[in-house]
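See below for my_file.pdb, which holds PDB, C-alpha atoms.
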```
ATOM      1  CA  MET A   1      93.356 101.617  56.557
ATOM      2  CA  LYS A   2      91.094 103.177  59.169
ATOM      3  CA  VAL A   3      92.701 105.036  62.065
ATOM      4  CA  ALA A   4      91.510 105.056  65.684
ATOM      5  CA  VAL A   5      92.752 107.359  68.441
ATOM      6  CA  VAL A   6      92.211 105.854  71.898
ATOM      7  CA  THR A   7      92.896 108.166  74.834
ATOM      8  CA  GLY A   8      94.122 106.637  78.069
ATOM      9  CA  SER A   9      95.187 103.501  76.208
ATOM     10  CA  GLY A  10      98.542 102.880  77.842
ATOM     11  CA  ASN A  11      96.832 100.295  80.059
ATOM     12  CA  GLY A  12      93.474  99.049  81.346
ATOM     13  CA  ILE A  13      90.264  99.350  79.330
ATOM     14  CA  GLY A  14      91.860 101.678  76.781
ATOM     15  CA  LEU A  15      94.668  99.223  76.041
ATOM     16  CA  GLU A  16      92.202  96.399  75.460
ATOM     17  CA  ILE A  17      90.176  98.622  73.112
ATOM     18  CA  ALA A  18      93.383  99.507  71.223
ATOM     19  CA  ARG A  19      94.358  95.824  70.943
ATOM     20  CA  GLU A  20      90.932  94.882  69.575
ATOM     21  CA  PHE A  21      91.036  97.660  66.981
ATOM     22  CA  ALA A  22      94.526  96.545  65.910
ATOM     23  CA  ALA A  23      93.367  92.928  65.646
ATOM     24  CA  ALA A  24      90.562  94.136  63.348
ATOM     25  CA  GLY A  25      93.098  95.795  61.029
ATOM     26  CA  ILE A  26      92.650  99.364  62.246
ATOM     27  CA  ALA A  27      95.735 101.527  62.857
ATOM     28  CA  VAL A  28      95.720 102.595  66.498
ATOM     29  CA  VAL A  29      97.100 105.666  68.212
ATOM     30  CA  ILE A  30      97.832 105.008  71.860
ATOM     31  CA  ALA A  31      97.452 108.354  73.631
ATOM     32  CA  ASP A  32      98.500 108.438  77.259
ATOM     33  CA  ARG A  33     100.486 110.339  79.902
ATOM     34  CA  ASP A  34     102.354 107.138  80.785
ATOM     35  CA  ASP A  35     105.194 107.154  78.240
ATOM     36  CA  GLU A  36     106.753 103.860  79.303
ATOM     37  CA  SER A  37     103.527 101.866  79.092
ATOM     38  CA  GLY A  38     102.368 103.626  75.924
ATOM     39  CA  ILE A  39     105.622 103.037  74.048
ATOM     40  CA  ASP A  40     105.799  99.422  75.246
ATOM     41  CA  ASN A  41     102.227  98.599  74.247
ATOM     42  CA  ALA A  42     102.436 100.331  70.856
ATOM     43  CA  GLY A  43     105.558  98.240  70.227
ATOM     44  CA  LYS A  44     103.738  95.042  71.190
ATOM     45  CA  ILE A  45     100.885  95.826  68.801
ATOM     46  CA  ASN A  46     103.383  96.499  66.003
ATOM     47  CA  SER A  47     105.329  93.293  66.792
ATOM     48  CA  ALA A  48     102.090  91.310  66.597
ATOM     49  CA  GLY A  49     101.506  92.594  63.050
ATOM     50  CA  GLY A  50      99.249  95.545  63.848
ATOM     51  CA  LYS A  51      99.929  99.193  63.212
ATOM     52  CA  SER A  52     100.269 101.448  66.236
ATOM     53  CA  LEU A  53     101.710 104.813  67.177
ATOM     54  CA  PHE A  54     102.234 106.191  70.677
ATOM     55  CA  VAL A  55     101.649 109.893  71.325
ATOM     56  CA  HIS A  56     102.217 111.396  74.766
ATOM     57  CA  ALA A  57      99.104 113.400  75.665
ATOM     58  CA  ASP A  58      97.522 114.892  78.745
ATOM     59  CA  ILE A  59      94.050 115.402  77.309
ATOM     60  CA  SER A  60      93.174 118.013  79.908
ATOM     61  CA  LEU A  61      95.611 120.331  78.100
ATOM     62  CA  PRO A  62      94.426 121.892  74.806
ATOM     63  CA  ALA A  63      97.962 122.028  73.357
ATOM     64  CA  ASP A  64      98.485 118.293  73.999
ATOM     65  CA  VAL A  65      95.168 117.448  72.335
ATOM     66  CA  THR A  66      96.011 119.561  69.280
ATOM     67  CA  HIS A  67      99.421 117.880  69.057
ATOM     68  CA  LEU A  68      97.810 114.432  69.386
ATOM     69  CA  MET A  69      95.363 114.954  66.531
ATOM     70  CA  ASP A  70      97.849 116.773  64.288
ATOM     71  CA  LYS A  71     100.497 114.050  64.795
ATOM     72  CA  THR A  72      97.936 111.339  64.100
ATOM     73  CA  VAL A  73      97.013 112.902  60.774
ATOM     74  CA  SER A  74     100.617 113.717  59.810
ATOM     75  CA  GLU A  75     101.762 110.139  60.583
ATOM     76  CA  LEU A  76      98.681 108.095  59.614
ATOM     77  CA  GLY A  77      96.789 110.401  57.253
ATOM     78  CA  ARG A  78      93.363 110.526  58.884
ATOM     79  CA  ILE A  79      91.159 109.996  61.950
ATOM     80  CA  ASP A  80      88.129 107.721  61.615
ATOM     81  CA  ILE A  81      87.460 106.771  65.226
ATOM     82  CA  LEU A  82      88.034 108.554  68.523
ATOM     83  CA  VAL A  83      87.579 106.696  71.792
ATOM     84  CA  ASN A  84      87.447 109.103  74.731
ATOM     85  CA  ASN A  85      88.560 106.635  77.371
ATOM     86  CA  ALA A  86      91.091 108.561  79.489
ATOM     87  CA  GLY A  87      89.830 109.126  82.981
ATOM     88  CA  PHE A  88      90.348 108.537  86.661
ATOM     89  CA  GLY A  89      88.612 108.950  89.980
ATOM     90  CA  ILE A  90      89.500 110.232  93.413
ATOM     91  CA  TRP A  91      87.466 108.493  96.096
ATOM     92  CA  LYS A  92      87.279 110.942  98.986
ATOM     93  CA  SER A  93      84.612 112.354 101.193
ATOM     94  CA  PRO A  94      83.153 115.585  99.770
ATOM     95  CA  TYR A  95      84.344 117.174 103.015
ATOM     96  CA  GLU A  96      87.949 116.274 102.152
ATOM     97  CA  LEU A  97      88.019 116.484  98.352
ATOM     98  CA  THR A  98      89.950 119.605  97.401
ATOM     99  CA  VAL A  99      88.913 121.952  94.621
ATOM    100  CA  GLU A 100      92.176 121.084  92.845
ATOM    101  CA  GLU A 101      91.317 117.359  92.978
ATOM    102  CA  TRP A 102      87.774 118.070  91.730
ATOM    103  CA  ASP A 103      89.155 120.145  88.842
ATOM    104  CA  SER A 104      91.729 117.495  87.943
ATOM    105  CA  VAL A 105      89.061 114.775  87.593
ATOM    106  CA  ILE A 106      86.628 117.016  85.690
ATOM    107  CA  ASN A 107      89.382 118.377  83.427
ATOM    108  CA  THR A 108      90.574 114.917  82.423
ATOM    109  CA  ASN A 109      87.321 112.958  82.289
ATOM    110  CA  LEU A 110      84.972 115.585  80.837
ATOM    111  CA  ARG A 111      86.929 118.535  79.485
ATOM    112  CA  GLY A 112      89.423 116.141  77.851
ATOM    113  CA  ALA A 113      86.649 114.328  76.003
ATOM    114  CA  PHE A 114      85.252 117.635  74.742
ATOM    115  CA  LEU A 115      88.671 118.919  73.651
ATOM    116  CA  SER A 116      89.506 115.639  71.905
ATOM    117  CA  SER A 117      86.150 115.474  70.121
ATOM    118  CA  ARG A 118      86.326 119.093  69.033
ATOM    119  CA  CYS A 119      89.847 118.638  67.684
ATOM    120  CA  ALA A 120      89.259 115.282  65.930
ATOM    121  CA  ALA A 121      85.905 116.210  64.346
ATOM    122  CA  PRO A 122      87.281 118.478  61.574
ATOM    123  CA  TYR A 123      89.606 115.666  60.447
ATOM    124  CA  MET A 124      86.707 113.197  60.472
ATOM    125  CA  LYS A 125      84.559 115.633  58.508
ATOM    126  CA  GLU A 126      87.357 115.973  55.933
ATOM    127  CA  SER A 127      87.364 112.185  55.486
ATOM    128  CA  GLY A 128      83.593 111.979  55.057
ATOM    129  CA  GLY A 129      82.637 111.181  58.652
ATOM    130  CA  GLY A 130      83.634 109.109  61.616
ATOM    131  CA  SER A 131      82.754 107.837  65.039
ATOM    132  CA  VAL A 132      83.311 109.172  68.563
ATOM    133  CA  ILE A 133      82.887 106.678  71.394
ATOM    134  CA  ASN A 134      82.810 108.049  74.934
ATOM    135  CA  ILE A 135      83.565 105.714  77.825
ATOM    136  CA  ALA A 136      81.375 106.871  80.696
ATOM    137  CA  SER A 137      80.417 104.703  83.679
ATOM    138  CA  THR A 138      77.459 103.284  85.524
ATOM    139  CA  ARG A 139      78.467 105.868  88.161
ATOM    140  CA  ALA A 140      76.721 108.414  85.914
ATOM    141  CA  PHE A 141      73.402 106.789  86.863
ATOM    142  CA  MET A 142      73.989 105.179  90.251
ATOM    143  CA  SER A 143      76.539 106.914  92.399
ATOM    144  CA  GLU A 144      78.103 105.763  95.600
ATOM    145  CA  ALA A 145      79.568 107.572  98.578
ATOM    146  CA  ASN A 146      82.745 109.564  98.019
ATOM    147  CA  SER A 147      82.532 109.490  94.210
ATOM    148  CA  GLU A 148      81.286 113.028  93.587
ATOM    149  CA  ALA A 149      83.928 114.234  91.101
ATOM    150  CA  TYR A 150      84.043 110.953  89.184
ATOM    151  CA  SER A 151      80.248 110.600  89.088
ATOM    152  CA  ALA A 152      79.761 114.212  88.003
ATOM    153  CA  SER A 153      82.348 113.837  85.235
ATOM    154  CA  LYS A 154      80.758 110.647  83.909
ATOM    155  CA  GLY A 155      77.244 112.102  84.098
ATOM    156  CA  GLY A 156      78.520 115.111  82.195
ATOM    157  CA  LEU A 157      80.063 112.784  79.621
ATOM    158  CA  VAL A 158      76.668 111.173  79.003
ATOM    159  CA  ALA A 159      75.134 114.634  78.453
ATOM    160  CA  LEU A 160      78.072 115.677  76.259
ATOM    161  CA  THR A 161      77.524 112.553  74.155
ATOM    162  CA  HIS A 162      73.959 113.385  73.157
ATOM    163  CA  ALA A 163      74.789 117.053  72.602
ATOM    164  CA  LEU A 164      77.752 116.186  70.344
ATOM    165  CA  ALA A 165      75.638 113.586  68.524
ATOM    166  CA  ALA A 166      73.131 116.288  67.635
ATOM    167  CA  SER A 167      75.803 118.819  66.667
ATOM    168  CA  LEU A 168      78.085 116.537  64.631
ATOM    169  CA  SER A 169      75.489 114.379  62.876
ATOM    170  CA  LYS A 170      75.311 116.858  59.973
ATOM    171  CA  ASP A 171      78.970 116.005  59.262
ATOM    172  CA  ASN A 172      78.311 112.233  59.281
ATOM    173  CA  ILE A 173      80.002 111.834  62.668
ATOM    174  CA  ARG A 174      78.297 109.404  65.031
ATOM    175  CA  VAL A 175      78.725 109.938  68.776
ATOM    176  CA  ASN A 176      77.900 107.157  71.207
ATOM    177  CA  CYS A 177      78.574 106.352  74.830
ATOM    178  CA  ILE A 178      79.363 103.134  76.680
ATOM    179  CA  SER A 179      78.851 103.023  80.453
ATOM    180  CA  PRO A 180      80.663 100.016  81.901
ATOM    181  CA  GLY A 181      80.346  98.949  85.500
ATOM    182  CA  TRP A 182      83.227  97.890  87.715
ATOM    183  CA  ILE A 183      86.036  96.293  85.702
ATOM    184  CA  ASP A 184      89.230  94.898  87.206
ATOM    185  CA  THR A 185      91.946  96.418  85.035
ATOM    186  CA  GLY A 186      94.810  95.238  87.195
ATOM    187  CA  ASP A 187      95.748  98.818  88.038
TER     188      ASP A 187
END
```
I need this file expressed as structure tokens, please.
Amino acid sequence: MKVAVVTGSGNGIGLEIAREFAAAGIAVVIADRDDESGIDNAGKINSAGGKSLFVHADISLPADVTHLMDKTVSELGRIDILVNNAGFGIWKSPYELTVEEWDSVINTNLRGAFLSSRCAAPYMKESGGGSVINIASTRAFMSEANSEAYSASKGGLVALTHALAASLSKDNIRVNCISPGWIDTGD
């Protein structure tokens, strides 16, 4: 059975991606900071006949990312797919956005994707290859007022995607990016 790790999959886009993977017969790791939602949704996937595991992870923290990937392999045996979905935005004027808020968005949306990819790739290589899917945004290409941190993080994610694709291709790891527009996630 293939194994997919989906960051930020306790709710929203990530949860729907996790549900679709489970419906296709892929074991899914729900990685999120929201323990209640993550545990609940992993349970629902399991109750519906899928295979799912919840792992608490703040992907901006290297130790959490290492724990996430190590636990995935110890519990499910491999990593075939990584979806770097975790992310958020702070919509404030650049005059009001604090450096701490900027760093928080960049560290989750961009640094987290790099850390997760770097940590999952050796496991994928061991299994003969895999796939990394980065969830960017149309904000990477057409920004709007008061979206500086979010837009910069998503633009960086697009650049990270093609750099990782070049670097990891020798290990049979594909790296692609999806840039959705506005989606009502109910959040």
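Residues within 12 Å of Ser74 of chain A, counting only C-alpha atoms and excluding same-chain residues fewer than 6 positions away, are Val3, Leu53, His67, Leu68 and Tyr123 of chain A.
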Using Å and a single decimal, report how far atom CA of Val99 of chain A sits from atom CA of Asn85 of chain A.
23.1 Å
Care to translate the PyMOL selection byres ((chain A and resi 143-151) around 9) into actual residues of this file, as a PyMOL selection string?
chain A and resi 87-94+97+101-103+105-106+109+137-142+152-156
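Distance annotation: of A:Thr98, A:Asn134, A:Ser179, A:Ser60, the residue with the minimal separation from His162 of chain A is A:Asn134; atom set is all atoms listed in the file.
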Using only C-alpha atoms, find all polymer residues with an atom at most 10 Å away from the point (103.1, 107.7, 79.6); report them as a list in words.
Gly8, Ser9, Gly10, Asn11, Ile30, Ala31, Asp32, Arg33, Asp34, Asp35, Glu36, Ser37, Gly38, Ile39, Asp40, Phe54, Val55, His56, Ala57 and Asp58 of chain A
Create the file for the chosen residues now, containing C-alpha atoms and written as an mmCIF file, in the frame of the given file.
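Done, and the output landed in result33.cif:
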```
data_model
loop_
_atom_site.group_PDB
_atom_site.id
_atom_site.type_symbol
_atom_site.label_atom_id
_atom_site.label_comp_id
_atom_site.auth_asym_id
_atom_site.auth_seq_id
_atom_site.Cartn_x
_atom_site.Cartn_y
_atom_site.Cartn_z
ATOM 1 C CA GLY A 8 94.122 106.637 78.069
ATOM 2 C CA SER A 9 95.187 103.501 76.208
ATOM 3 C CA GLY A 10 98.542 102.880 77.842
ATOM 4 C CA ASN A 11 96.832 100.295 80.059
ATOM 5 C CA ILE A 30 97.832 105.008 71.860
ATOM 6 C CA ALA A 31 97.452 108.354 73.631
ATOM 7 C CA ASP A 32 98.500 108.438 77.259
ATOM 8 C CA ARG A 33 100.486 110.339 79.902
ATOM 9 C CA ASP A 34 102.354 107.138 80.785
ATOM 10 C CA ASP A 35 105.194 107.154 78.240
ATOM 11 C CA GLU A 36 106.753 103.860 79.303
ATOM 12 C CA SER A 37 103.527 101.866 79.092
ATOM 13 C CA GLY A 38 102.368 103.626 75.924
ATOM 14 C CA ILE A 39 105.622 103.037 74.048
ATOM 15 C CA ASP A 40 105.799 99.422 75.246
ATOM 16 C CA PHE A 54 102.234 106.191 70.677
ATOM 17 C CA VAL A 55 101.649 109.893 71.325
ATOM 18 C CA HIS A 56 102.217 111.396 74.766
ATOM 19 C CA ALA A 57 99.104 113.400 75.665
ATOM 20 C CA ASP A 58 97.522 114.892 78.745
#
```
